[in-house]
file model.pdb (PDB, C-alpha atoms)
ATOM      1  CA  MET A   1       8.119  49.228 -31.108
ATOM      2  CA  SER A   2       8.372  52.988 -31.571
ATOM      3  CA  VAL A   3       6.818  55.554 -29.230
ATOM      4  CA  PRO A   4       3.930  56.499 -31.607
ATOM      5  CA  GLU A   5       3.201  52.796 -32.090
ATOM      6  CA  GLN A   6       3.125  52.294 -28.317
ATOM      7  CA  LYS A   7       0.804  55.272 -27.960
ATOM      8  CA  ALA A   8      -1.500  53.901 -30.648
ATOM      9  CA  GLU A   9      -1.460  50.528 -28.934
ATOM     10  CA  LEU A  10      -2.401  52.076 -25.593
ATOM     11  CA  GLU A  11      -5.261  53.924 -27.263
ATOM     12  CA  LEU A  12      -6.495  50.639 -28.719
ATOM     13  CA  ILE A  13      -6.254  49.024 -25.272
ATOM     14  CA  ASP A  14      -8.229  51.882 -23.704
ATOM     15  CA  ARG A  15     -10.941  51.597 -26.326
ATOM     16  CA  ALA A  16     -11.049  47.816 -25.942
ATOM     17  CA  ARG A  17     -11.372  48.272 -22.168
ATOM     18  CA  GLN A  18     -14.411  50.433 -22.792
ATOM     19  CA  GLY A  19     -15.924  47.528 -24.708
ATOM     20  CA  SER A  20     -14.896  48.206 -28.298
ATOM     21  CA  VAL A  21     -14.573  44.834 -30.036
ATOM     22  CA  GLU A  22     -13.233  46.596 -33.146
ATOM     23  CA  ALA A  23     -10.309  48.000 -31.160
ATOM     24  CA  PHE A  24      -9.655  44.592 -29.652
ATOM     25  CA  GLU A  25      -9.663  43.060 -33.133
ATOM     26  CA  GLN A  26      -6.895  45.479 -34.113
ATOM     27  CA  LEU A  27      -4.876  44.233 -31.148
ATOM     28  CA  VAL A  28      -5.547  40.639 -32.188
ATOM     29  CA  LEU A  29      -4.355  41.410 -35.716
ATOM     30  CA  LEU A  30      -1.193  42.962 -34.307
ATOM     31  CA  TYR A  31      -0.177  39.957 -32.234
ATOM     32  CA  GLN A  32      -1.955  36.874 -33.555
ATOM     33  CA  ASP A  33       0.781  35.770 -35.973
ATOM     34  CA  SER A  34       3.691  36.029 -33.556
ATOM     35  CA  LEU A  35       1.698  34.399 -30.781
ATOM     36  CA  TYR A  36       0.545  31.608 -33.072
ATOM     37  CA  ARG A  37       4.126  30.818 -34.144
ATOM     38  CA  PHE A  38       5.221  30.894 -30.520
ATOM     39  CA  LEU A  39       2.518  28.377 -29.599
ATOM     40  CA  LEU A  40       2.858  26.248 -32.710
ATOM     41  CA  VAL A  41       6.406  25.118 -31.910
ATOM     42  CA  ARG A  42       5.426  24.224 -28.332
ATOM     43  CA  ALA A  43       1.962  22.693 -28.459
ATOM     44  CA  ASN A  44       1.380  18.978 -28.984
ATOM     45  CA  SER A  45      -0.550  19.552 -32.183
ATOM     46  CA  ARG A  46      -1.656  22.309 -34.543
ATOM     47  CA  ALA A  47      -5.207  21.998 -33.203
ATOM     48  CA  ASP A  48      -3.914  22.480 -29.663
ATOM     49  CA  ALA A  49      -1.953  25.572 -30.735
ATOM     50  CA  GLU A  50      -5.087  27.031 -32.327
ATOM     51  CA  ASP A  51      -7.145  26.288 -29.205
ATOM     52  CA  ILE A  52      -4.571  27.908 -26.940
ATOM     53  CA  LEU A  53      -4.363  30.944 -29.215
ATOM     54  CA  GLN A  54      -8.115  31.368 -29.029
ATOM     55  CA  GLU A  55      -8.198  30.805 -25.249
ATOM     56  CA  THR A  56      -5.390  33.325 -24.810
ATOM     57  CA  PHE A  57      -7.185  36.096 -26.679
ATOM     58  CA  VAL A  58     -10.443  35.344 -24.872
ATOM     59  CA  ALA A  59      -8.624  35.552 -21.517
ATOM     60  CA  VAL A  60      -6.956  38.800 -22.591
ATOM     61  CA  PHE A  61     -10.326  40.285 -23.556
ATOM     62  CA  LYS A  62     -11.931  39.186 -20.296
ATOM     63  CA  TYR A  63      -9.181  40.479 -18.044
ATOM     64  CA  LEU A  64      -8.091  43.520 -20.034
ATOM     65  CA  SER A  65      -9.155  45.754 -17.139
ATOM     66  CA  GLY A  66      -6.385  44.149 -15.075
ATOM     67  CA  TYR A  67      -3.629  45.049 -17.545
ATOM     68  CA  ARG A  68      -1.166  47.588 -16.171
ATOM     69  CA  SER A  69       0.553  49.763 -18.746
ATOM     70  CA  LYS A  70       3.877  49.753 -16.899
ATOM     71  CA  TYR A  71       4.537  46.437 -18.691
ATOM     72  CA  ARG A  72       4.484  46.076 -22.432
ATOM     73  CA  PHE A  73       1.297  44.582 -23.794
ATOM     74  CA  SER A  74       3.280  41.849 -25.579
ATOM     75  CA  THR A  75       4.824  40.801 -22.246
ATOM     76  CA  TRP A  76       1.400  40.379 -20.703
ATOM     77  CA  LEU A  77       0.107  38.571 -23.784
ATOM     78  CA  PHE A  78       2.963  36.055 -23.936
ATOM     79  CA  THR A  79       2.729  35.465 -20.182
ATOM     80  CA  ILE A  80      -0.944  34.542 -20.517
ATOM     81  CA  ALA A  81      -0.157  32.359 -23.533
ATOM     82  CA  LEU A  82       2.510  30.461 -21.563
ATOM     83  CA  ARG A  83       0.042  29.933 -18.719
ATOM     84  CA  GLN A  84      -2.609  28.630 -21.124
ATOM     85  CA  LEU A  85       0.016  26.356 -22.682
ATOM     86  CA  GLY A  86       0.865  24.971 -19.245
ATOM     87  CA  ARG A  87      -2.806  24.213 -18.605
ATOM     88  CA  GLN A  88      -3.204  22.564 -21.984
ATOM     89  CA  ARG A  89      -0.139  20.363 -21.422
ATOM     90  CA  ARG A  90      -1.708  18.900 -18.321
ATOM     91  CA  ARG A  91      -4.503  17.542 -20.487
ATOM     92  CA  PRO A  92      -3.807  14.304 -22.406
ATOM     93  CA  SER A  93      -3.403  14.792 -26.172
ATOM     94  CA  GLU A  94      -2.135  13.109 -29.344
ATOM     95  CA  PRO A  95       1.446  14.219 -30.102
ATOM     96  CA  GLU A  96       2.252  15.358 -33.615
ATOM     97  CA  ASN A  97       5.502  16.417 -35.263
ATOM     98  CA  LEU A  98       4.590  20.042 -35.690
ATOM     99  CA  LEU A  99       7.888  21.336 -36.968
ATOM    100  CA  ASP A 100       7.720  19.005 -39.943
ATOM    101  CA  THR A 101       4.183  20.141 -40.644
ATOM    102  CA  VAL A 102       5.197  23.760 -40.483
ATOM    103  CA  ALA A 103       8.157  23.260 -42.773
ATOM    104  CA  CYS A 104       6.143  21.333 -45.359
ATOM    105  CA  GLY A 105       3.013  23.481 -45.146
ATOM    106  CA  GLN A 106       4.645  26.869 -45.386
ATOM    107  CA  ALA A 107       8.041  27.019 -46.970
ATOM    108  CA  GLY A 108       9.517  23.588 -47.194
ATOM    109  CA  PRO A 109      13.080  22.591 -47.983
ATOM    110  CA  GLU A 110      12.112  21.584 -51.522
ATOM    111  CA  GLN A 111      11.164  25.167 -52.311
ATOM    112  CA  HIS A 112      14.000  27.017 -50.711
ATOM    113  CA  GLY A 113      16.958  24.719 -51.053
ATOM    114  CA  ILE A 114      19.495  23.457 -48.591
ATOM    115  CA  GLU A 115      19.779  26.703 -46.634
ATOM    116  CA  MET A 116      16.103  26.634 -45.803
ATOM    117  CA  GLU A 117      16.368  22.990 -44.825
ATOM    118  CA  GLN A 118      19.185  23.840 -42.441
ATOM    119  CA  ARG A 119      17.212  26.738 -40.925
ATOM    120  CA  SER A 120      14.204  24.552 -40.397
ATOM    121  CA  SER A 121      16.239  21.773 -38.872
ATOM    122  CA  LEU A 122      17.850  24.313 -36.586
ATOM    123  CA  TRP A 123      14.608  24.808 -34.651
ATOM    124  CA  GLN A 124      13.887  21.098 -34.754
ATOM    125  CA  MET A 125      17.287  20.486 -33.238
ATOM    126  CA  SER A 126      16.715  23.234 -30.681
ATOM    127  CA  ARG A 127      13.430  21.681 -29.660
ATOM    128  CA  ALA A 128      15.073  18.281 -29.336
ATOM    129  CA  CYS A 129      18.206  19.194 -27.429
ATOM    130  CA  LEU A 130      17.258  22.245 -25.338
ATOM    131  CA  ASN A 131      15.094  22.305 -22.289
ATOM    132  CA  GLU A 132      11.775  24.177 -22.320
ATOM    133  CA  ALA A 133      13.126  27.336 -20.684
ATOM    134  CA  GLN A 134      16.131  27.577 -22.992
ATOM    135  CA  PHE A 135      13.987  26.967 -26.053
ATOM    136  CA  THR A 136      11.470  29.630 -24.995
ATOM    137  CA  ALA A 137      14.228  32.160 -24.260
ATOM    138  CA  LEU A 138      15.904  31.434 -27.589
ATOM    139  CA  TRP A 139      12.645  31.869 -29.503
ATOM    140  CA  LEU A 140      11.682  35.112 -27.783
ATOM    141  CA  PHE A 141      15.180  36.524 -28.237
ATOM    142  CA  TYR A 142      15.819  35.606 -31.870
ATOM    143  CA  VAL A 143      12.356  35.407 -33.401
ATOM    144  CA  GLU A 144      10.371  37.947 -31.383
ATOM    145  CA  ASP A 145      13.434  40.161 -30.921
ATOM    146  CA  MET A 146      12.505  40.846 -27.307
ATOM    147  CA  PRO A 147      14.939  42.409 -24.835
ATOM    148  CA  LEU A 148      16.265  40.250 -21.998
ATOM    149  CA  VAL A 149      14.231  42.106 -19.360
ATOM    150  CA  GLU A 150      10.983  41.489 -21.194
ATOM    151  CA  ILE A 151      11.799  37.796 -21.681
ATOM    152  CA  GLY A 152      12.556  37.666 -17.966
ATOM    153  CA  ASN A 153       9.171  39.202 -17.159
ATOM    154  CA  ILE A 154       7.402  36.629 -19.301
ATOM    155  CA  MET A 155       9.327  33.721 -17.813
ATOM    156  CA  LYS A 156       9.208  35.159 -14.254
ATOM    157  CA  ARG A 157      13.001  35.161 -14.059
ATOM    158  CA  PRO A 158      15.674  37.857 -13.819
ATOM    159  CA  ALA A 159      17.326  39.112 -16.992
ATOM    160  CA  SER A 160      20.655  37.616 -15.881
ATOM    161  CA  TRP A 161      19.033  34.167 -15.756
ATOM    162  CA  VAL A 162      17.746  34.646 -19.312
ATOM    163  CA  LYS A 163      21.195  35.720 -20.478
ATOM    164  CA  VAL A 164      22.873  32.686 -18.934
ATOM    165  CA  ASN A 165      20.292  30.337 -20.411
ATOM    166  CA  LEU A 166      20.632  31.874 -23.858
ATOM    167  CA  MET A 167      24.360  31.342 -23.672
ATOM    168  CA  ARG A 168      23.896  27.739 -22.552
ATOM    169  CA  ALA A 169      21.375  27.176 -25.331
ATOM    170  CA  ARG A 170      23.815  28.448 -27.948
ATOM    171  CA  ARG A 171      26.659  26.345 -26.597
ATOM    172  CA  ARG A 172      24.450  23.280 -26.563
ATOM    173  CA  LEU A 173      23.305  23.943 -30.125
ATOM    174  CA  SER A 174      26.882  24.478 -31.187
ATOM    175  CA  LYS A 175      27.891  21.078 -29.801
ATOM    176  CA  GLU A 176      24.953  19.398 -31.490
ATOM    177  CA  LEU A 177      25.817  21.013 -34.809
ATOM    178  CA  GLN A 178      29.444  19.911 -34.506
ATOM    179  CA  LYS A 179      28.195  16.366 -34.017
ATOM    180  CA  HIS A 180      26.232  16.734 -37.244
ATOM    181  CA  HIS A 181      29.248  18.284 -39.040
ATOM    182  CA  PHE A 182      27.879  21.822 -39.112
ATOM    183  CA  GLU A 183      30.098  24.794 -38.401
ATOM    184  CA  PRO A 184      30.028  25.830 -34.732
ATOM    185  CA  PHE A 185      27.708  28.728 -33.881
ATOM    186  CA  VAL A 186      29.905  30.601 -31.512
ATOM    187  CA  SER A 187      33.499  30.857 -30.525
ATOM    188  CA  ALA A 188      34.529  31.557 -26.944
ATOM    189  CA  LYS A 189      34.694  35.297 -27.724
ATOM    190  CA  GLU A 190      31.237  35.452 -29.237
ATOM    191  CA  VAL A 191      29.209  34.249 -26.305
ATOM    192  CA  THR A 192      28.418  37.750 -25.103
ATOM    193  CA  LEU A 193      24.890  38.777 -26.078
TER     194      LEU A 193
ATOM    195  CA  MET B   1      28.552  30.107 -38.331
ATOM    196  CA  SER B   2      28.828  33.438 -36.482
ATOM    197  CA  THR B   3      26.406  34.881 -33.949
ATOM    198  CA  THR B   4      24.927  37.121 -36.622
ATOM    199  CA  HIS B   5      24.516  34.175 -38.937
ATOM    200  CA  LEU B   6      22.923  32.195 -36.137
ATOM    201  CA  LYS B   7      20.475  34.990 -35.405
ATOM    202  CA  GLU B   8      19.622  35.274 -39.081
ATOM    203  CA  SER B   9      19.209  31.525 -39.455
ATOM    204  CA  LEU B  10      16.944  31.271 -36.432
ATOM    205  CA  ALA B  11      14.917  34.368 -37.295
ATOM    206  CA  LYS B  12      14.404  33.426 -40.943
ATOM    207  CA  ALA B  13      13.466  29.814 -40.367
ATOM    208  CA  PRO B  14      10.197  28.724 -42.006
ATOM    209  CA  GLU B  15       8.632  28.278 -38.571
ATOM    210  CA  THR B  16       8.829  32.041 -38.118
ATOM    211  CA  LYS B  17       6.846  32.763 -41.261
ATOM    212  CA  VAL B  18       3.618  31.006 -40.292
ATOM    213  CA  LYS B  19       0.524  33.195 -40.298
ATOM    214  CA  VAL B  20      -2.931  32.833 -38.820
ATOM    215  CA  SER B  21      -5.519  31.885 -41.395
ATOM    216  CA  LEU B  22      -8.575  34.072 -41.920
ATOM    217  CA  GLU B  23     -10.758  31.244 -40.670
ATOM    218  CA  LEU B  24      -8.828  30.972 -37.408
ATOM    219  CA  HIS B  25      -8.948  34.742 -36.944
ATOM    220  CA  ARG B  26     -12.719  34.646 -37.372
ATOM    221  CA  ASP B  27     -12.965  31.824 -34.827
ATOM    222  CA  ILE B  28     -10.957  33.876 -32.341
ATOM    223  CA  MET B  29     -13.131  36.948 -32.798
ATOM    224  CA  ARG B  30     -16.299  34.867 -32.560
ATOM    225  CA  ALA B  31     -15.103  33.481 -29.210
ATOM    226  CA  VAL B  32     -14.112  36.964 -28.045
ATOM    227  CA  LYS B  33     -17.544  38.367 -28.863
ATOM    228  CA  LEU B  34     -19.158  35.599 -26.815
ATOM    229  CA  ALA B  35     -16.932  36.316 -23.824
ATOM    230  CA  GLU B  36     -17.853  38.988 -21.334
ATOM    231  CA  PRO B  37     -15.136  41.178 -19.897
ATOM    232  CA  VAL B  38     -14.653  40.826 -16.168
ATOM    233  CA  SER B  39     -15.650  44.133 -14.655
ATOM    234  CA  LYS B  40     -13.002  46.089 -12.858
ATOM    235  CA  LYS B  41     -13.437  46.192  -9.078
ATOM    236  CA  THR B  42     -14.833  49.485  -7.873
ATOM    237  CA  ALA B  43     -13.011  51.525  -5.247
ATOM    238  CA  PHE B  44     -15.516  50.363  -2.618
ATOM    239  CA  TYR B  45     -14.731  46.665  -3.161
ATOM    240  CA  ARG B  46     -11.011  47.377  -3.171
ATOM    241  CA  VAL B  47     -11.294  49.301   0.130
ATOM    242  CA  ILE B  48     -13.098  46.566   2.059
ATOM    243  CA  PRO B  49     -10.222  44.007   2.035
ATOM    244  CA  ALA B  50      -7.823  46.839   2.865
ATOM    245  CA  MET B  51      -9.978  47.797   5.841
ATOM    246  CA  GLY B  52     -10.036  44.179   6.950
ATOM    247  CA  ALA B  53      -6.254  44.046   6.748
ATOM    248  CA  ALA B  54      -6.010  47.214   8.845
ATOM    249  CA  VAL B  55      -8.526  46.131  11.477
ATOM    250  CA  LEU B  56      -7.143  42.623  11.999
ATOM    251  CA  PRO B  57      -3.838  43.702  13.665
ATOM    252  CA  LEU B  58      -5.786  46.065  15.947
ATOM    253  CA  PHE B  59      -8.124  43.259  16.934
ATOM    254  CA  LEU B  60      -5.219  40.885  17.595
ATOM    255  CA  ALA B  61      -3.466  43.558  19.681
ATOM    256  CA  GLY B  62      -6.658  43.986  21.737
ATOM    257  CA  VAL B  63      -6.962  40.253  22.337
ATOM    258  CA  PHE B  64      -3.308  40.071  23.361
ATOM    259  CA  PHE B  65      -3.717  42.996  25.791
ATOM    260  CA  TYR B  66      -6.837  41.443  27.345
ATOM    261  CA  LEU B  67      -5.129  38.088  27.833
ATOM    262  CA  SER B  68      -2.067  39.698  29.367
ATOM    263  CA  GLN B  69      -4.288  41.452  31.943
ATOM    264  CA  THR B  70      -5.969  38.295  33.212
ATOM    265  CA  THR B  71      -4.183  35.792  35.496
ATOM    266  CA  ALA B  72      -4.106  32.237  34.483
ATOM    267  CA  VAL B  73      -5.518  29.776  37.011
ATOM    268  CA  ALA B  74      -4.142  26.303  36.823
ATOM    269  CA  PRO B  75      -6.788  23.655  37.312
ATOM    270  CA  LEU B  76      -6.469  21.292  40.293
ATOM    271  CA  ALA B  77      -5.114  17.863  39.484
ATOM    272  CA  THR B  78      -7.823  16.167  41.559
ATOM    273  CA  PRO B  79     -11.264  17.505  42.226
ATOM    274  CA  VAL B  80     -11.922  18.738  45.785
ATOM    275  CA  GLN B  81     -14.091  16.262  47.712
ATOM    276  CA  GLY B  82     -14.345  18.394  50.864
ATOM    277  CA  LEU B  83     -12.201  20.197  53.379
ATOM    278  CA  SER B  84      -9.386  18.240  54.988
ATOM    279  CA  GLN B  85      -9.167  17.601  58.721
ATOM    280  CA  SER B  86      -6.648  20.403  59.254
ATOM    281  CA  GLN B  87      -8.768  22.835  57.187
ATOM    282  CA  SER B  88     -12.094  22.076  58.897
ATOM    283  CA  PRO B  89     -13.779  24.904  60.852
ATOM    284  CA  VAL B  90     -13.794  22.716  63.961
ATOM    285  CA  SER B  91     -10.042  22.511  64.013
ATOM    286  CA  SER B  92      -9.757  26.267  63.507
ATOM    287  CA  LEU B  93     -12.170  26.994  66.340
ATOM    288  CA  GLU B  94     -10.274  24.684  68.686
ATOM    289  CA  GLN B  95      -7.114  26.484  67.823
ATOM    290  CA  LEU B  96      -8.812  29.802  68.396
ATOM    291  CA  ALA B  97     -10.069  28.659  71.792
ATOM    292  CA  GLY B  98      -6.561  27.709  72.818
ATOM    293  CA  GLU B  99      -5.243  31.037  71.702
ATOM    294  CA  LEU B 100      -7.957  32.836  73.620
ATOM    295  CA  LEU B 101      -7.061  30.946  76.759
ATOM    296  CA  VAL B 102      -3.467  32.016  76.407
ATOM    297  CA  LEU B 103      -4.632  35.524  75.736
ATOM    298  CA  SER B 104      -6.872  35.558  78.757
ATOM    299  CA  LYS B 105      -3.958  34.630  80.974
ATOM    300  CA  ASN B 106      -1.836  37.421  79.566
ATOM    301  CA  THR B 107      -4.395  40.184  79.361
ATOM    302  CA  PRO B 108      -5.813  42.169  82.237
ATOM    303  CA  LEU B 109      -9.433  41.594  81.078
ATOM    304  CA  PRO B 110     -11.826  40.446  83.779
ATOM    305  CA  GLU B 111     -11.773  36.670  84.083
ATOM    306  CA  GLN B 112     -15.530  36.439  84.239
ATOM    307  CA  GLU B 113     -15.969  37.895  80.794
ATOM    308  CA  LEU B 114     -13.331  35.660  79.355
ATOM    309  CA  ARG B 115     -14.949  32.592  80.841
ATOM    310  CA  LYS B 116     -18.252  33.631  79.274
ATOM    311  CA  GLU B 117     -16.586  33.993  75.951
ATOM    312  CA  LEU B 118     -14.970  30.609  76.338
ATOM    313  CA  GLU B 119     -18.287  29.002  77.130
ATOM    314  CA  ARG B 120     -19.782  30.564  74.061
ATOM    315  CA  LEU B 121     -16.974  29.281  71.943
ATOM    316  CA  LYS B 122     -17.296  25.796  73.374
ATOM    317  CA  SER B 123     -20.994  25.739  72.635
ATOM    318  CA  ASP B 124     -20.213  26.888  69.092
ATOM    319  CA  LEU B 125     -17.691  24.110  68.787
ATOM    320  CA  GLU B 126     -20.221  21.504  69.859
ATOM    321  CA  ARG B 127     -22.741  22.921  67.441
ATOM    322  CA  PHE B 128     -20.342  22.833  64.505
ATOM    323  CA  ASP B 129     -18.621  19.579  65.310
ATOM    324  CA  PHE B 130     -19.487  17.453  62.269
ATOM    325  CA  ARG B 131     -17.562  14.478  63.555
ATOM    326  CA  SER B 132     -20.018  13.886  66.385
TER     327      SER B 132
END

call {"tool": "encode", "arguments": {"input": "model.pdb", "output": "structure tokens"}}
result
Amino acid sequence: MSVPEQKAELELIDRARQGSVEAFEQLVLLYQDSLYRFLLVRANSRADAEDILQETFVAVFKYLSGYRSKYRFSTWLFTIALRQLGRQRRRPSEPENLLDTVACGQAGPEQHGIEMEQRSSLWQMSRACLNEAQFTALWLFYVEDMPLVEIGNIMKRPASWVKVNLMRARRRLSKELQKHHFEPFVSAKEVTL
Amino acid sequence: MSTTHLKESLAKAPETKVKVSLELHRDIMRAVKLAEPVSKKTAFYRVIPAMGAAVLPLFLAGVFFYLSQTTAVAPLATPVQGLSQSQSPVSSLEQLAGELLVLSKNTPLPEQELRKELERLKSDLERFDFRS
């Protein structure tokens, strides 16, 4: 995010703090898609992901006065979303294969060929073979393009821990892909992030 | 598959293209409008816990100082029923009489006065003798 964008975001936050729902809606529009994707691959069902998304934005609106601008707004937002997700997981729910739903509903393998099928299965495989922390770090790093420090802030871990877990995640994925006759992701020289 | 290819593959996966529907966005905003923002604590309410935190160590220091100034008295193992034979006033008076006799022999006081004093002491002894 560029400096003018950050400034504009802070202005929106200030206005929302003063009670402007219109300003808050702009913030929602800025982050709703990325947050929804983040929740969709973790929640038990699409309905759960939608509920958590809604609960997250409501919590953000309620506690916006507590937001400190020394952290990025996205960091705070994703931290709240992870907390809401944790709460939701403690409730019993019907599991559903979300990744299949996403692939079929949006841009399925039939439409985009084998490459798309491989990309889709990549996240399915990640979900299946990585632990929660590794999967979250991998998503935030590759999809949200977040720096290690910010991922660390969201996950309440140091950046070095995130780096190590990303490396482990890639090695694990590489092994899994070799088992399935894919090319390995990384060589020994390429593990540096 | 190189690191760059991996990044591209993960970033361009269909899961990363999902968007929030208009209906869901409306639901979110409807819920937001119903929610009330939690008001920020005023300076006064932020100062009160801070004052409490400052006063508590002072209070504890005062209590510690007070306790260090007082002497601890250990309770007796058995309750006192009365004075023992050796501690009774009668015994002390007898002892005193004996001492006075010795004193009278050694001092140049007139014997008459000493005898009077002894008589007085004896009468006191008889008066305070609880054993009789």

call {"tool": "resolve_selection", "arguments": {"input": "model.pdb", "expression": "the ChimeraX specification (/A :<10) & /B", "output": "PyMOL selection string"}}
result
chain B and resi 1-21+24-41

call {"tool": "atom_distance", "arguments": {"input": "model.pdb", "atom1": "atom CA of A:Ala169", "atom2": "atom CA of A:Gln134"}}
result
5.8 Å

call {"tool": "atom_distance", "arguments": {"input": "model.pdb", "atom1": "atom CA of B:Val73", "atom2": "atom CA of B:Leu58"}}
result
26.6 Å

call {"tool": "axis_aligned_box", "arguments": {"input": "model.pdb", "around": "stretch 43-55 of chain B", "padding_each_side": "8 Å", "output": "AutoDock Vina command-line options"}}
result
--center_x -10.8 --center_y 47.8 --center_z 3.1 --size_x 25.5 --size_y 23.5 --size_z 32.7

call {"tool": "atom_distance", "arguments": {"input": "model.pdb", "atom1": "atom CA of A:Leu173", "atom2": "atom CA of A:Arg157"}}
result
22.1 Å

call {"tool": "residues_near_point", "arguments": {"input": "model.pdb", "point": "(2.4, 45.9, -34.2)", "cutoff": "9 Å", "atoms": "only C-alpha atoms", "output": "number ranges by chain"}}
result
A: 1, 5-6, 9, 27, 29-31

call {"tool": "write_last_selection", "arguments": {"input": "model.pdb", "atoms": "C-alpha atoms", "output": "compact mmCIF listing (two decimals), keeping the file's coordinate frame"}}
result
# COMPACT_ATOMS: atom_id res chain seq x y z
CA MET A 1 8.12 49.23 -31.11
CA GLU A 5 3.20 52.80 -32.09
CA GLN A 6 3.12 52.29 -28.32
CA GLU A 9 -1.46 50.53 -28.93
CA LEU A 27 -4.88 44.23 -31.15
CA LEU A 29 -4.36 41.41 -35.72
CA LEU A 30 -1.19 42.96 -34.31
CA TYR A 31 -0.18 39.96 -32.23

call {"tool": "closest_residue", "arguments": {"input": "model.pdb", "among": "A:Thr75, A:Asn44, A:Ser69, A:Asn131", "to": "A:Pro147", "atoms": "only C-alpha atoms"}}
result
A:Thr75

call {"tool": "residues_near_point", "arguments": {"input": "model.pdb", "point": "(12.9, 40.8, -20.2)", "cutoff": "12 Å", "atoms": "all atoms listed in the file", "output": "PyMOL selection string"}}
result
chain A and resi 71-72+74-76+78-79+137+140-141+144-163

call {"tool": "closest_residue", "arguments": {"input": "model.pdb", "among": "B:Leu100, B:Phe64, B:Pro49, B:Arg127", "to": "B:Arg115", "atoms": "only C-alpha atoms"}}
result
B:Leu100

call {"tool": "closest_residue", "arguments": {"input": "model.pdb", "among": "A:Arg46, A:Tyr67, A:Leu39, A:Met125", "to": "A:Ile13", "atoms": "all atoms listed in the file"}}
result
A:Tyr67

call {"tool": "closest_residue", "arguments": {"input": "model.pdb", "among": "A:Arg68, A:Leu10, A:Ala47, A:Ile52", "to": "A:Ala81", "atoms": "all atoms listed in the file"}}
result
A:Ile52

call {"tool": "decode", "arguments": {"input": "model.pdb", "residues": "stretch 59-70 of chain B", "atoms": "N, CA and C atoms", "output": "PDB file, in the first residue's frame"}}
result
ATOM      1  N   PHE B  59       0.057   1.943  49.980  1.00  0.00           N
ATOM      2  CA  PHE B  59      -0.745   1.340  51.041  1.00  0.00           C
ATOM      3  C   PHE B  59      -0.057   0.101  51.606  1.00  0.00           C
ATOM      4  N   LEU B  60       0.463  -0.744  50.703  1.00  0.00           N
ATOM      5  CA  LEU B  60       1.147  -1.964  51.131  1.00  0.00           C
ATOM      6  C   LEU B  60       2.404  -1.628  51.928  1.00  0.00           C
ATOM      7  N   ALA B  61       3.116  -0.575  51.498  1.00  0.00           N
ATOM      8  CA  ALA B  61       4.324  -0.153  52.223  1.00  0.00           C
ATOM      9  C   ALA B  61       3.956   0.308  53.631  1.00  0.00           C
ATOM     10  N   GLY B  62       2.837   1.034  53.747  1.00  0.00           N
ATOM     11  CA  GLY B  62       2.358   1.500  55.051  1.00  0.00           C
ATOM     12  C   GLY B  62       2.012   0.343  55.962  1.00  0.00           C
ATOM     13  N   VAL B  63       1.324  -0.637  55.430  1.00  0.00           N
ATOM     14  CA  VAL B  63       0.935  -1.818  56.216  1.00  0.00           C
ATOM     15  C   VAL B  63       2.191  -2.558  56.684  1.00  0.00           C
ATOM     16  N   PHE B  64       3.156  -2.684  55.798  1.00  0.00           N
ATOM     17  CA  PHE B  64       4.395  -3.387  56.130  1.00  0.00           C
ATOM     18  C   PHE B  64       5.138  -2.648  57.245  1.00  0.00           C
ATOM     19  N   PHE B  65       5.183  -1.315  57.137  1.00  0.00           N
ATOM     20  CA  PHE B  65       5.886  -0.503  58.151  1.00  0.00           C
ATOM     21  C   PHE B  65       5.203  -0.649  59.504  1.00  0.00           C
ATOM     22  N   TYR B  66       3.865  -0.598  59.507  1.00  0.00           N
ATOM     23  CA  TYR B  66       3.103  -0.710  60.754  1.00  0.00           C
ATOM     24  C   TYR B  66       3.356  -2.058  61.424  1.00  0.00           C
ATOM     25  N   LEU B  67       3.335  -3.121  60.609  1.00  0.00           N
ATOM     26  CA  LEU B  67       3.538  -4.458  61.166  1.00  0.00           C
ATOM     27  C   LEU B  67       4.951  -4.631  61.699  1.00  0.00           C
ATOM     28  N   SER B  68       5.909  -3.998  61.032  1.00  0.00           N
ATOM     29  CA  SER B  68       7.295  -4.140  61.494  1.00  0.00           C
ATOM     30  C   SER B  68       7.518  -3.403  62.818  1.00  0.00           C
ATOM     31  N   GLN B  69       6.677  -2.401  63.110  1.00  0.00           N
ATOM     32  CA  GLN B  69       6.827  -1.634  64.347  1.00  0.00           C
ATOM     33  C   GLN B  69       6.210  -2.335  65.556  1.00  0.00           C
ATOM     34  N   THR B  70       5.292  -3.193  65.357  1.00  0.00           N
ATOM     35  CA  THR B  70       4.627  -3.879  66.473  1.00  0.00           C
ATOM     36  C   THR B  70       5.351  -5.194  66.765  1.00  0.00           C
TER      37      THR B  70
END
